[in-house]
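Participant: Could you have a look at this structure, given as structure tokens, before my questions?
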Amino acid sequence: MADRGPLDARWDLAPLRHKRHPSAAWAEPPHPLGALLRGMLGITRVIWRHTDTGPMAIPGRPAPSGGGLYPIEAYVASPEGLFHYDPVHEVLEVLRTGDHGPARICLTAVFWRSMFKYGDYAYRLICQEIGVLRTQAEVVAATLDLTVTPADPDDTLLGLDESREALLTVLHVRGLGLDRNRPTTPTLQPARQPEHTSELGETRKATPTARHAPPHERALAPQPAGDLPQEARPLPLPFPPGAAWDLHRAAEADSRTRRLRPPGHVRVPAGMVDLREGLPIRHSPVDGFRPVPVPLAAIVAMAETAAGPDLHLLALRVDGLPRAAYRYDGELRRVDAAPLASLGSAPLVANTREALKTAAAVIVLVGDPLAGTARDHRDQLVETGAALQRATLAAAALGLTSRIHSDAAGAATDRVLGLTGPARSLSSLLVGVPRSRGPDLVLRFPDRQEGGPRGTSGTY
């Protein structure tokens, strides 16, 4: 974290937060595939905030993303074709028809979408976000009677310019054909034929495509296996040279020589906490927490749910637990090293520093970032993100709220935890009691499969 440098982001260089292929036909994602994609990456709510500079409307998605930049894109490969998920319109863009193998979701990273702000440190956040989305997919799939299984990526499938966007993981989806009363083949959505303005300033109709076919003709028209439809301009900038680029290329080279190792999935014991209950109410608090204690049982349940990587805890306001650092290995073992107050010397960003003042606890995941190969390092970050998201959903299911603060993992935290090497803090989750009221109004967008609106709430 110390090598990340100051946050002097050039927002004029910020790319769009979602990818589009303007010339591609649209396909309506069938249920339950559409619900799975929406539950992973869809725009499901808007947050209205009143700030010193005026009101703001912030689009919200189901899973957290570093800096709210959402660098991950989703593609769907299936026997019917190859598609790109458009989260704004909740449709699949048809990139190519024909058999592309069993149904699977391919998650890619648009690197510049995070790197314009975080530089090389963005690669760490991106790998972590892949793990967050894997857990999100597993839990959403469980609500839909689907199963999601990670698999090795096929780099040749998408034909990407890997200096801008690369495939990082594939999730096989099983169970889509269980309900025979619902179609599993996407059907093209009718759309108003758009108008385009030429360079000469004259307005003309677009060339008719299957996208604009009448309802009785909505069938996937065969497409050649040539170039994919062009994405919207301007393109994001390429992955800048540096340590992160070297690490990514080394991880890719290592991936070609070995198969995927089974991820460390954790099945929570029955009766402890149902992560599915946290899906509709999970949120990342913007303005910290109510500074009140939380039950020890809730923190233990979150720790059990996260599992996976080595887990430590900073108890700030936990009933029945002295204010101190602990290691959790099925039992809480106190660590007497540097005082908690020394965290104030850490190079924290403003929202982390403020959130620590009101948080009840900090869950810290620990590991050796230099152990193994570059691919091992990437897998470690993915597992860290997966564990953090399990704990995040558990917090929501238990009536708490939480926010991932990766910058809280660093040298000051290591000293508090008594880590002298080679293990280091990898990332952290701040946990607390949600504020009972605030300046935000949240409107949750309804799923079209559900009908009416879900209503509003007073906190984000």
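Numbering starts fresh at 1 for the residues of each chain in the structure tokens, the chains themselves are lettered A, B, ... in the order given, and ligands are numbered from 1 as they appear.
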At a cut-off of 10 Å, using only C-alpha atoms, what residues contact A:Lys117? Leave out same-chain residues fewer than 3 positions from it and give the result as a list in words.
Facilitator: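 Result of the neighbour search: Pro6, Leu7, Asp8, Ala9, Arg10, Trp11, Leu13, Ala14, Gly67, Leu69, Trp112, Arg113, Ser114, Asp120, Tyr121 and Ala122 of chain A.
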Participant: Residues as selected, N, CA, C and O atoms, written as a PDB file, in the first residue's frame, can you do that?
Facilitator:
```pdb
ATOM      1  N   PRO A   6       0.230   8.766  -3.885  1.00  0.00           N
ATOM      2  CA  PRO A   6      -0.948   9.575  -3.548  1.00  0.00           C
ATOM      3  C   PRO A   6      -2.069   9.394  -4.561  1.00  0.00           C
ATOM      4  O   PRO A   6      -1.833   9.037  -5.719  1.00  0.00           O
ATOM      5  N   LEU A   7      -3.285   9.647  -4.116  1.00  0.00           N
ATOM      6  CA  LEU A   7      -4.441   9.546  -4.996  1.00  0.00           C
ATOM      7  C   LEU A   7      -4.621  10.873  -5.734  1.00  0.00           C
ATOM      8  O   LEU A   7      -5.383  11.740  -5.312  1.00  0.00           O
ATOM      9  N   ASP A   8      -3.893  11.024  -6.823  1.00  0.00           N
ATOM     10  CA  ASP A   8      -4.014  12.252  -7.624  1.00  0.00           C
ATOM     11  C   ASP A   8      -4.645  11.898  -8.961  1.00  0.00           C
ATOM     12  O   ASP A   8      -4.062  12.116 -10.017  1.00  0.00           O
ATOM     13  N   ALA A   9      -5.832  11.306  -8.889  1.00  0.00           N
ATOM     14  CA  ALA A   9      -6.501  10.782 -10.075  1.00  0.00           C
ATOM     15  C   ALA A   9      -6.835  11.891 -11.063  1.00  0.00           C
ATOM     16  O   ALA A   9      -7.268  12.977 -10.676  1.00  0.00           O
ATOM     17  N   ARG A  10      -6.637  11.589 -12.339  1.00  0.00           N
ATOM     18  CA  ARG A  10      -7.055  12.471 -13.427  1.00  0.00           C
ATOM     19  C   ARG A  10      -8.441  12.021 -13.889  1.00  0.00           C
ATOM     20  O   ARG A  10      -8.580  11.116 -14.704  1.00  0.00           O
ATOM     21  N   TRP A  11      -9.474  12.639 -13.343  1.00  0.00           N
ATOM     22  CA  TRP A  11     -10.831  12.205 -13.670  1.00  0.00           C
ATOM     23  C   TRP A  11     -11.192  12.510 -15.117  1.00  0.00           C
ATOM     24  O   TRP A  11     -12.127  11.916 -15.658  1.00  0.00           O
ATOM     25  N   LEU A  13      -9.438  11.580 -17.465  1.00  0.00           N
ATOM     26  CA  LEU A  13      -9.001  10.380 -18.183  1.00  0.00           C
ATOM     27  C   LEU A  13      -9.834   9.155 -17.806  1.00  0.00           C
ATOM     28  O   LEU A  13      -9.563   8.062 -18.286  1.00  0.00           O
ATOM     29  N   ALA A  14     -10.836   9.336 -16.953  1.00  0.00           N
ATOM     30  CA  ALA A  14     -11.636   8.194 -16.506  1.00  0.00           C
ATOM     31  C   ALA A  14     -12.470   7.633 -17.652  1.00  0.00           C
ATOM     32  O   ALA A  14     -13.177   8.367 -18.336  1.00  0.00           O
ATOM     33  N   GLY A  67     -13.355   1.632  -5.102  1.00  0.00           N
ATOM     34  CA  GLY A  67     -13.587   2.989  -5.570  1.00  0.00           C
ATOM     35  C   GLY A  67     -14.870   3.159  -6.351  1.00  0.00           C
ATOM     36  O   GLY A  67     -15.102   4.217  -6.943  1.00  0.00           O
ATOM     37  N   LEU A  69     -15.600   1.737  -9.142  1.00  0.00           N
ATOM     38  CA  LEU A  69     -15.191   1.907 -10.544  1.00  0.00           C
ATOM     39  C   LEU A  69     -15.624   0.749 -11.434  1.00  0.00           C
ATOM     40  O   LEU A  69     -15.620   0.872 -12.646  1.00  0.00           O
ATOM     41  N   TRP A 112      -7.720  -0.186 -17.199  1.00  0.00           N
ATOM     42  CA  TRP A 112      -7.607   1.259 -17.047  1.00  0.00           C
ATOM     43  C   TRP A 112      -8.758   1.839 -16.247  1.00  0.00           C
ATOM     44  O   TRP A 112      -8.635   2.912 -15.657  1.00  0.00           O
ATOM     45  N   ARG A 113      -9.863   1.129 -16.173  1.00  0.00           N
ATOM     46  CA  ARG A 113     -11.020   1.627 -15.438  1.00  0.00           C
ATOM     47  C   ARG A 113     -10.697   1.814 -13.955  1.00  0.00           C
ATOM     48  O   ARG A 113     -11.317   2.638 -13.291  1.00  0.00           O
ATOM     49  N   SER A 114      -9.754   1.046 -13.447  1.00  0.00           N
ATOM     50  CA  SER A 114      -9.291   1.239 -12.072  1.00  0.00           C
ATOM     51  C   SER A 114      -7.919   1.899 -12.018  1.00  0.00           C
ATOM     52  O   SER A 114      -7.629   2.660 -11.093  1.00  0.00           O
ATOM     53  N   ASP A 120      -0.671   1.028 -10.253  1.00  0.00           N
ATOM     54  CA  ASP A 120      -0.378  -0.402 -10.152  1.00  0.00           C
ATOM     55  C   ASP A 120      -1.188  -1.090  -9.061  1.00  0.00           C
ATOM     56  O   ASP A 120      -1.491  -2.281  -9.157  1.00  0.00           O
ATOM     57  N   TYR A 121      -1.540  -0.347  -8.016  1.00  0.00           N
ATOM     58  CA  TYR A 121      -2.303  -0.942  -6.916  1.00  0.00           C
ATOM     59  C   TYR A 121      -3.665  -1.453  -7.399  1.00  0.00           C
ATOM     60  O   TYR A 121      -4.259  -2.338  -6.776  1.00  0.00           O
ATOM     61  N   ALA A 122      -4.145  -0.920  -8.507  1.00  0.00           N
ATOM     62  CA  ALA A 122      -5.442  -1.348  -9.032  1.00  0.00           C
ATOM     63  C   ALA A 122      -5.455  -2.835  -9.363  1.00  0.00           C
ATOM     64  O   ALA A 122      -6.504  -3.479  -9.259  1.00  0.00           O
TER      65      ALA A 122
END
```
Participant: As a PDB file with all heavy atoms, in the first residue's frame, please: all residues of stretch 316-421 of chain A that backbone DSSP puts in strand (DSSP E or B).
Facilitator:
```
ATOM      1  N   VAL A 318     -16.809  -4.527  20.638  1.00  0.00           N
ATOM      2  CA  VAL A 318     -17.429  -5.852  20.603  1.00  0.00           C
ATOM      3  C   VAL A 318     -17.791  -6.248  22.025  1.00  0.00           C
ATOM      4  O   VAL A 318     -16.926  -6.290  22.913  1.00  0.00           O
ATOM      5  CB  VAL A 318     -16.482  -6.903  19.984  1.00  0.00           C
ATOM      6  CG1 VAL A 318     -17.158  -8.268  19.958  1.00  0.00           C
ATOM      7  CG2 VAL A 318     -16.055  -6.487  18.579  1.00  0.00           C
ATOM      8  N   LEU A 321     -15.629  -8.532  24.640  1.00  0.00           N
ATOM      9  CA  LEU A 321     -14.280  -8.724  24.106  1.00  0.00           C
ATOM     10  C   LEU A 321     -13.470  -7.459  24.335  1.00  0.00           C
ATOM     11  O   LEU A 321     -13.848  -6.383  23.859  1.00  0.00           O
ATOM     12  CB  LEU A 321     -14.358  -9.034  22.607  1.00  0.00           C
ATOM     13  CG  LEU A 321     -13.149  -9.724  21.959  1.00  0.00           C
ATOM     14  CD1 LEU A 321     -12.911 -11.090  22.613  1.00  0.00           C
ATOM     15  CD2 LEU A 321     -13.383  -9.898  20.468  1.00  0.00           C
ATOM     16  N   ALA A 324      -8.712  -4.947  21.548  1.00  0.00           N
ATOM     17  CA  ALA A 324      -7.376  -5.481  21.286  1.00  0.00           C
ATOM     18  C   ALA A 324      -7.381  -6.164  19.920  1.00  0.00           C
ATOM     19  O   ALA A 324      -8.409  -6.231  19.228  1.00  0.00           O
ATOM     20  CB  ALA A 324      -6.958  -6.469  22.386  1.00  0.00           C
ATOM     21  N   ALA A 325      -6.203  -6.687  19.533  1.00  0.00           N
ATOM     22  CA  ALA A 325      -6.055  -7.466  18.299  1.00  0.00           C
ATOM     23  C   ALA A 325      -6.115  -8.956  18.649  1.00  0.00           C
ATOM     24  O   ALA A 325      -5.637  -9.381  19.711  1.00  0.00           O
ATOM     25  CB  ALA A 325      -4.734  -7.130  17.613  1.00  0.00           C
ATOM     26  N   TYR A 326      -6.686  -9.745  17.720  1.00  0.00           N
ATOM     27  CA  TYR A 326      -6.845 -11.178  17.954  1.00  0.00           C
ATOM     28  C   TYR A 326      -6.553 -11.937  16.668  1.00  0.00           C
ATOM     29  O   TYR A 326      -6.747 -11.417  15.566  1.00  0.00           O
ATOM     30  CB  TYR A 326      -8.273 -11.518  18.408  1.00  0.00           C
ATOM     31  CG  TYR A 326      -8.676 -10.879  19.706  1.00  0.00           C
ATOM     32  CD1 TYR A 326      -9.149  -9.565  19.732  1.00  0.00           C
ATOM     33  CD2 TYR A 326      -8.579 -11.571  20.909  1.00  0.00           C
ATOM     34  CE1 TYR A 326      -9.518  -8.960  20.929  1.00  0.00           C
ATOM     35  CE2 TYR A 326      -8.953 -10.977  22.108  1.00  0.00           C
ATOM     36  CZ  TYR A 326      -9.416  -9.678  22.111  1.00  0.00           C
ATOM     37  OH  TYR A 326      -9.785  -9.086  23.289  1.00  0.00           O
ATOM     38  N   ARG A 327      -6.118 -13.172  16.838  1.00  0.00           N
ATOM     39  CA  ARG A 327      -6.056 -14.106  15.716  1.00  0.00           C
ATOM     40  C   ARG A 327      -7.184 -15.110  15.886  1.00  0.00           C
ATOM     41  O   ARG A 327      -7.452 -15.559  17.017  1.00  0.00           O
ATOM     42  CB  ARG A 327      -4.716 -14.841  15.672  1.00  0.00           C
ATOM     43  CG  ARG A 327      -4.631 -15.822  14.507  1.00  0.00           C
ATOM     44  CD  ARG A 327      -3.295 -16.525  14.409  1.00  0.00           C
ATOM     45  NE  ARG A 327      -3.295 -17.426  13.273  1.00  0.00           N
ATOM     46  CZ  ARG A 327      -2.272 -18.197  12.924  1.00  0.00           C
ATOM     47  NH1 ARG A 327      -1.146 -18.151  13.634  1.00  0.00           N
ATOM     48  NH2 ARG A 327      -2.351 -18.995  11.875  1.00  0.00           N
ATOM     49  N   TYR A 328      -7.850 -15.448  14.765  1.00  0.00           N
ATOM     50  CA  TYR A 328      -8.980 -16.378  14.844  1.00  0.00           C
ATOM     51  C   TYR A 328      -8.632 -17.657  14.083  1.00  0.00           C
ATOM     52  O   TYR A 328      -8.377 -17.638  12.880  1.00  0.00           O
ATOM     53  CB  TYR A 328     -10.245 -15.762  14.245  1.00  0.00           C
ATOM     54  CG  TYR A 328     -11.445 -16.674  14.395  1.00  0.00           C
ATOM     55  CD1 TYR A 328     -12.116 -16.759  15.607  1.00  0.00           C
ATOM     56  CD2 TYR A 328     -11.869 -17.472  13.344  1.00  0.00           C
ATOM     57  CE1 TYR A 328     -13.188 -17.609  15.774  1.00  0.00           C
ATOM     58  CE2 TYR A 328     -12.945 -18.324  13.491  1.00  0.00           C
ATOM     59  CZ  TYR A 328     -13.607 -18.395  14.714  1.00  0.00           C
ATOM     60  OH  TYR A 328     -14.663 -19.238  14.871  1.00  0.00           O
ATOM     61  N   LEU A 332     -10.604 -17.277  19.434  1.00  0.00           N
ATOM     62  CA  LEU A 332      -9.988 -15.957  19.413  1.00  0.00           C
ATOM     63  C   LEU A 332      -8.800 -15.946  20.357  1.00  0.00           C
ATOM     64  O   LEU A 332      -8.941 -16.220  21.565  1.00  0.00           O
ATOM     65  CB  LEU A 332     -11.012 -14.891  19.830  1.00  0.00           C
ATOM     66  CG  LEU A 332     -12.070 -14.547  18.787  1.00  0.00           C
ATOM     67  CD1 LEU A 332     -13.190 -13.728  19.401  1.00  0.00           C
ATOM     68  CD2 LEU A 332     -11.441 -13.788  17.615  1.00  0.00           C
ATOM     69  N   ARG A 333      -7.626 -15.658  19.819  1.00  0.00           N
ATOM     70  CA  ARG A 333      -6.392 -15.634  20.598  1.00  0.00           C
ATOM     71  C   ARG A 333      -5.830 -14.221  20.559  1.00  0.00           C
ATOM     72  O   ARG A 333      -5.489 -13.722  19.482  1.00  0.00           O
ATOM     73  CB  ARG A 333      -5.381 -16.640  20.049  1.00  0.00           C
ATOM     74  CG  ARG A 333      -5.940 -18.053  19.943  1.00  0.00           C
ATOM     75  CD  ARG A 333      -4.935 -19.020  19.335  1.00  0.00           C
ATOM     76  NE  ARG A 333      -5.547 -20.312  19.067  1.00  0.00           N
ATOM     77  CZ  ARG A 333      -5.676 -21.283  19.969  1.00  0.00           C
ATOM     78  NH1 ARG A 333      -5.235 -21.075  21.223  1.00  0.00           N
ATOM     79  NH2 ARG A 333      -6.236 -22.439  19.668  1.00  0.00           N
ATOM     80  N   ARG A 334      -5.703 -13.621  21.734  1.00  0.00           N
ATOM     81  CA  ARG A 334      -5.272 -12.224  21.798  1.00  0.00           C
ATOM     82  C   ARG A 334      -3.825 -12.084  21.332  1.00  0.00           C
ATOM     83  O   ARG A 334      -2.968 -12.915  21.637  1.00  0.00           O
ATOM     84  CB  ARG A 334      -5.433 -11.692  23.213  1.00  0.00           C
ATOM     85  CG  ARG A 334      -5.048 -10.220  23.352  1.00  0.00           C
ATOM     86  CD  ARG A 334      -5.598  -9.619  24.612  1.00  0.00           C
ATOM     87  NE  ARG A 334      -5.149  -8.231  24.791  1.00  0.00           N
ATOM     88  CZ  ARG A 334      -5.704  -7.378  25.632  1.00  0.00           C
ATOM     89  NH1 ARG A 334      -6.720  -7.770  26.379  1.00  0.00           N
ATOM     90  NH2 ARG A 334      -5.253  -6.151  25.736  1.00  0.00           N
ATOM     91  N   VAL A 335      -3.568 -11.002  20.588  1.00  0.00           N
ATOM     92  CA  VAL A 335      -2.227 -10.668  20.126  1.00  0.00           C
ATOM     93  C   VAL A 335      -1.803  -9.392  20.833  1.00  0.00           C
ATOM     94  O   VAL A 335      -2.457  -8.355  20.694  1.00  0.00           O
ATOM     95  CB  VAL A 335      -2.189 -10.460  18.598  1.00  0.00           C
ATOM     96  CG1 VAL A 335      -0.800 -10.025  18.154  1.00  0.00           C
ATOM     97  CG2 VAL A 335      -2.621 -11.725  17.868  1.00  0.00           C
ATOM     98  N   ALA A 361     -15.560  -3.360  14.575  1.00  0.00           N
ATOM     99  CA  ALA A 361     -14.503  -4.365  14.426  1.00  0.00           C
ATOM    100  C   ALA A 361     -13.912  -4.255  13.027  1.00  0.00           C
ATOM    101  O   ALA A 361     -14.538  -3.706  12.107  1.00  0.00           O
ATOM    102  CB  ALA A 361     -15.051  -5.766  14.672  1.00  0.00           C
ATOM    103  N   VAL A 362     -12.710  -4.786  12.896  1.00  0.00           N
ATOM    104  CA  VAL A 362     -12.045  -4.870  11.597  1.00  0.00           C
ATOM    105  C   VAL A 362     -11.600  -6.312  11.408  1.00  0.00           C
ATOM    106  O   VAL A 362     -10.842  -6.846  12.222  1.00  0.00           O
ATOM    107  CB  VAL A 362     -10.829  -3.932  11.510  1.00  0.00           C
ATOM    108  CG1 VAL A 362     -10.216  -3.994  10.109  1.00  0.00           C
ATOM    109  CG2 VAL A 362     -11.207  -2.500  11.871  1.00  0.00           C
ATOM    110  N   ILE A 363     -12.094  -6.941  10.356  1.00  0.00           N
ATOM    111  CA  ILE A 363     -11.646  -8.281   9.985  1.00  0.00           C
ATOM    112  C   ILE A 363     -10.499  -8.121   8.994  1.00  0.00           C
ATOM    113  O   ILE A 363     -10.636  -7.452   7.968  1.00  0.00           O
ATOM    114  CB  ILE A 363     -12.790  -9.106   9.379  1.00  0.00           C
ATOM    115  CG1 ILE A 363     -13.818  -9.433  10.466  1.00  0.00           C
ATOM    116  CG2 ILE A 363     -12.269 -10.386   8.738  1.00  0.00           C
ATOM    117  CD1 ILE A 363     -15.035 -10.182   9.956  1.00  0.00           C
ATOM    118  N   VAL A 364      -9.351  -8.710   9.317  1.00  0.00           N
ATOM    119  CA  VAL A 364      -8.149  -8.577   8.496  1.00  0.00           C
ATOM    120  C   VAL A 364      -7.745  -9.961   7.992  1.00  0.00           C
ATOM    121  O   VAL A 364      -7.586 -10.892   8.796  1.00  0.00           O
ATOM    122  CB  VAL A 364      -6.992  -7.946   9.291  1.00  0.00           C
ATOM    123  CG1 VAL A 364      -5.779  -7.738   8.383  1.00  0.00           C
ATOM    124  CG2 VAL A 364      -7.418  -6.627   9.925  1.00  0.00           C
ATOM    125  N   LEU A 365      -7.585 -10.091   6.681  1.00  0.00           N
ATOM    126  CA  LEU A 365      -7.115 -11.333   6.089  1.00  0.00           C
ATOM    127  C   LEU A 365      -5.617 -11.231   5.856  1.00  0.00           C
ATOM    128  O   LEU A 365      -5.112 -10.215   5.369  1.00  0.00           O
ATOM    129  CB  LEU A 365      -7.854 -11.621   4.797  1.00  0.00           C
ATOM    130  CG  LEU A 365      -9.371 -11.794   4.946  1.00  0.00           C
ATOM    131  CD1 LEU A 365     -10.010 -12.142   3.621  1.00  0.00           C
ATOM    132  CD2 LEU A 365      -9.695 -12.862   5.975  1.00  0.00           C
ATOM    133  N   VAL A 366      -4.903 -12.306   6.181  1.00  0.00           N
ATOM    134  CA  VAL A 366      -3.448 -12.305   6.216  1.00  0.00           C
ATOM    135  C   VAL A 366      -2.909 -13.437   5.348  1.00  0.00           C
ATOM    136  O   VAL A 366      -3.505 -14.521   5.270  1.00  0.00           O
ATOM    137  CB  VAL A 366      -2.947 -12.462   7.671  1.00  0.00           C
ATOM    138  CG1 VAL A 366      -1.445 -12.672   7.727  1.00  0.00           C
ATOM    139  CG2 VAL A 366      -3.343 -11.239   8.494  1.00  0.00           C
ATOM    140  N   GLY A 367      -1.788 -13.194   4.673  1.00  0.00           N
ATOM    141  CA  GLY A 367      -1.132 -14.217   3.877  1.00  0.00           C
ATOM    142  C   GLY A 367       0.249 -13.753   3.459  1.00  0.00           C
ATOM    143  O   GLY A 367       0.623 -12.597   3.682  1.00  0.00           O
ATOM    144  N   THR A 401     -23.618  -3.869   9.043  1.00  0.00           N
ATOM    145  CA  THR A 401     -23.179  -3.397   7.740  1.00  0.00           C
ATOM    146  C   THR A 401     -21.655  -3.395   7.724  1.00  0.00           C
ATOM    147  O   THR A 401     -21.009  -3.437   8.783  1.00  0.00           O
ATOM    148  CB  THR A 401     -23.736  -1.992   7.434  1.00  0.00           C
ATOM    149  OG1 THR A 401     -23.448  -1.663   6.076  1.00  0.00           O
ATOM    150  CG2 THR A 401     -23.116  -0.938   8.340  1.00  0.00           C
ATOM    151  N   SER A 402     -21.066  -3.367   6.544  1.00  0.00           N
ATOM    152  CA  SER A 402     -19.611  -3.480   6.440  1.00  0.00           C
ATOM    153  C   SER A 402     -19.150  -2.853   5.140  1.00  0.00           C
ATOM    154  O   SER A 402     -19.931  -2.657   4.204  1.00  0.00           O
ATOM    155  CB  SER A 402     -19.179  -4.949   6.505  1.00  0.00           C
ATOM    156  OG  SER A 402     -19.759  -5.686   5.445  1.00  0.00           O
ATOM    157  N   ARG A 403     -17.864  -2.562   5.101  1.00  0.00           N
ATOM    158  CA  ARG A 403     -17.272  -1.985   3.898  1.00  0.00           C
ATOM    159  C   ARG A 403     -15.824  -2.453   3.798  1.00  0.00           C
ATOM    160  O   ARG A 403     -15.076  -2.426   4.788  1.00  0.00           O
ATOM    161  CB  ARG A 403     -17.329  -0.454   3.951  1.00  0.00           C
ATOM    162  CG  ARG A 403     -16.845   0.236   2.682  1.00  0.00           C
ATOM    163  CD  ARG A 403     -16.849   1.748   2.855  1.00  0.00           C
ATOM    164  NE  ARG A 403     -16.404   2.428   1.642  1.00  0.00           N
ATOM    165  CZ  ARG A 403     -17.208   3.003   0.760  1.00  0.00           C
ATOM    166  NH1 ARG A 403     -18.513   2.999   0.970  1.00  0.00           N
ATOM    167  NH2 ARG A 403     -16.728   3.601  -0.300  1.00  0.00           N
ATOM    168  N   ILE A 404     -15.429  -2.888   2.605  1.00  0.00           N
ATOM    169  CA  ILE A 404     -14.050  -3.306   2.372  1.00  0.00           C
ATOM    170  C   ILE A 404     -13.173  -2.060   2.281  1.00  0.00           C
ATOM    171  O   ILE A 404     -13.447  -1.161   1.488  1.00  0.00           O
ATOM    172  CB  ILE A 404     -13.938  -4.148   1.086  1.00  0.00           C
ATOM    173  CG1 ILE A 404     -14.766  -5.432   1.208  1.00  0.00           C
ATOM    174  CG2 ILE A 404     -12.482  -4.488   0.785  1.00  0.00           C
ATOM    175  CD1 ILE A 404     -14.862  -6.234  -0.075  1.00  0.00           C
TER     176      ILE A 404
END
```
Participant: Please, which residues of stretch 214-427 of chain A, numbered as in this document, come out alpha helix (DSSP H) from DSSP, as a PyMOL selection string?
Facilitator: chain A and resi 243-255+296-306+350-358+374-397+411-417
Participant: Would you kindly return, as a count of residues only, each protein, DNA or RNA residue with an atom no farther than 7 Å from any atom of A:Thr44, considering only C-alpha atoms and excluding same-chain residues fewer than 4 positions away?
Facilitator: 5
Participant: Taking only C-alpha atoms into account, which of A:Pro30, A:Gly418, A:Pro434, A:Pro285 comes nearest A:Ala338?
Facilitator: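 Using only C-alpha atoms, A:Ala338 sits closest to A:Gly418.
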Participant: Name the residues in contact with A:Asp246 at a cut-off of 12 Å, using only C-alpha atoms, excluding same-chain residues fewer than 6 positions from it; report them as a list in words.
Facilitator: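 Result of the neighbour search: Asp120, Tyr123, Ser163, Phe239, Pro240, Glu252, Ala253, Ala374 and Arg375 of chain A.
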Participant: For those residues, write all heavy atoms to a file as a CSV table (one decimal), in the first residue's frame.
Facilitator:
```
chain,number,residue,atom,x,y,z
A,120,ASP,N,-0.7,1.0,-10.3
A,120,ASP,CA,-0.4,-0.4,-10.2
A,120,ASP,C,-1.2,-1.1,-9.1
A,120,ASP,O,-1.5,-2.3,-9.2
A,120,ASP,CB,1.1,-0.6,-9.9
A,120,ASP,CG,2.0,-0.5,-11.1
A,120,ASP,OD1,1.4,-0.5,-12.3
A,120,ASP,OD2,3.2,-0.5,-11.0
A,123,TYR,N,-4.3,-3.4,-9.8
A,123,TYR,CA,-4.3,-4.8,-10.1
A,123,TYR,C,-4.7,-5.7,-8.9
A,123,TYR,O,-5.4,-6.7,-9.0
A,123,TYR,CB,-2.9,-5.2,-10.6
A,123,TYR,CG,-2.8,-6.6,-11.2
A,123,TYR,CD1,-3.5,-7.0,-12.3
A,123,TYR,CD2,-2.1,-7.6,-10.5
A,123,TYR,CE1,-3.5,-8.3,-12.8
A,123,TYR,CE2,-2.1,-8.9,-11.0
A,123,TYR,CZ,-2.7,-9.2,-12.1
A,123,TYR,OH,-2.7,-10.5,-12.6
A,163,SER,N,-4.0,-5.9,-23.8
A,163,SER,CA,-3.4,-4.8,-23.1
A,163,SER,C,-4.4,-3.9,-22.5
A,163,SER,O,-4.1,-3.0,-21.7
A,163,SER,CB,-2.5,-4.0,-24.1
A,163,SER,OG,-3.4,-3.4,-25.1
A,239,PHE,N,-3.0,-1.0,-20.5
A,239,PHE,CA,-2.4,-1.3,-19.2
A,239,PHE,C,-1.0,-0.7,-19.3
A,239,PHE,O,-0.2,-1.0,-20.1
A,239,PHE,CB,-2.2,-2.8,-19.1
A,239,PHE,CG,-2.1,-3.3,-17.7
A,239,PHE,CD1,-2.8,-4.4,-17.3
A,239,PHE,CD2,-1.1,-2.8,-16.8
A,239,PHE,CE1,-2.6,-4.9,-16.0
A,239,PHE,CE2,-1.0,-3.2,-15.5
A,239,PHE,CZ,-1.7,-4.3,-15.1
A,240,PRO,N,-0.7,0.3,-18.4
A,240,PRO,CA,0.6,1.0,-18.5
A,240,PRO,C,1.7,0.1,-18.0
A,240,PRO,O,1.5,-0.8,-17.2
A,240,PRO,CB,0.4,2.2,-17.5
A,240,PRO,CG,-0.7,1.8,-16.6
A,240,PRO,CD,-1.6,0.9,-17.4
A,252,GLU,N,-0.2,-14.8,-16.3
A,252,GLU,CA,-0.8,-15.4,-17.5
A,252,GLU,C,0.1,-16.5,-18.0
A,252,GLU,O,-0.4,-17.6,-18.5
A,252,GLU,CB,-1.0,-14.3,-18.6
A,252,GLU,CG,-2.1,-13.3,-18.3
A,252,GLU,CD,-3.5,-13.9,-18.2
A,252,GLU,OE1,-3.9,-14.4,-19.3
A,252,GLU,OE2,-4.0,-14.0,-17.1
A,253,ALA,N,1.4,-16.3,-18.0
A,253,ALA,CA,2.3,-17.4,-18.5
A,253,ALA,C,2.2,-18.6,-17.6
A,253,ALA,O,2.2,-19.7,-18.1
A,253,ALA,CB,3.7,-16.8,-18.6
A,374,ALA,N,3.5,-16.0,-9.7
A,374,ALA,CA,2.7,-14.8,-9.9
A,374,ALA,C,1.2,-15.3,-9.9
A,374,ALA,O,0.3,-14.5,-9.5
A,374,ALA,CB,3.1,-14.1,-11.2
A,375,ARG,N,0.9,-16.4,-10.5
A,375,ARG,CA,-0.4,-17.0,-10.5
A,375,ARG,C,-0.9,-17.3,-9.1
A,375,ARG,O,-2.1,-17.1,-8.8
A,375,ARG,CB,-0.5,-18.2,-11.4
A,375,ARG,CG,-1.9,-18.9,-11.4
A,375,ARG,CD,-3.0,-18.0,-11.9
A,375,ARG,NE,-4.3,-18.6,-11.7
A,375,ARG,CZ,-4.9,-19.4,-12.5
A,375,ARG,NH1,-4.3,-19.7,-13.7
A,375,ARG,NH2,-6.1,-20.0,-12.3
```
Participant: Applying 10 Å and only C-alpha atoms, which residues near A:Ile58 remain after dropping the ones on its own chain fewer than 5 positions away? List them as an NGL selection string.
Facilitator: :A and (45-49 or 68 or 442)
Participant: One decimal, Å: what's the distance from atom CA of A:Glu28 over to atom CA of A:Val91, could you say?
Facilitator: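 Computed distance, atom CA of A:Glu28 to atom CA of A:Val91, equals 5.3 Å.
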Participant: Could you give me, as a tab-separated table, a per-residue list for stretch 133-175 of chain A showing, wherever an atom lies at most 9 Å from an atom of stretch 276-284 of chain A, the closest pair of atoms and their distance in Å to one decimal, using only C-alpha atoms and sorting by chain then residue number from low to high?
Facilitator:
```
residue	atom	partner	partner_atom	distance
A:Gln136	CA	A:Leu279	CA	8.4
A:Val139	CA	A:Arg276	CA	6.0
A:Val140	CA	A:Arg276	CA	7.1
A:Ala142	CA	A:Arg276	CA	7.7
A:Thr143	CA	A:Arg276	CA	6.9
```
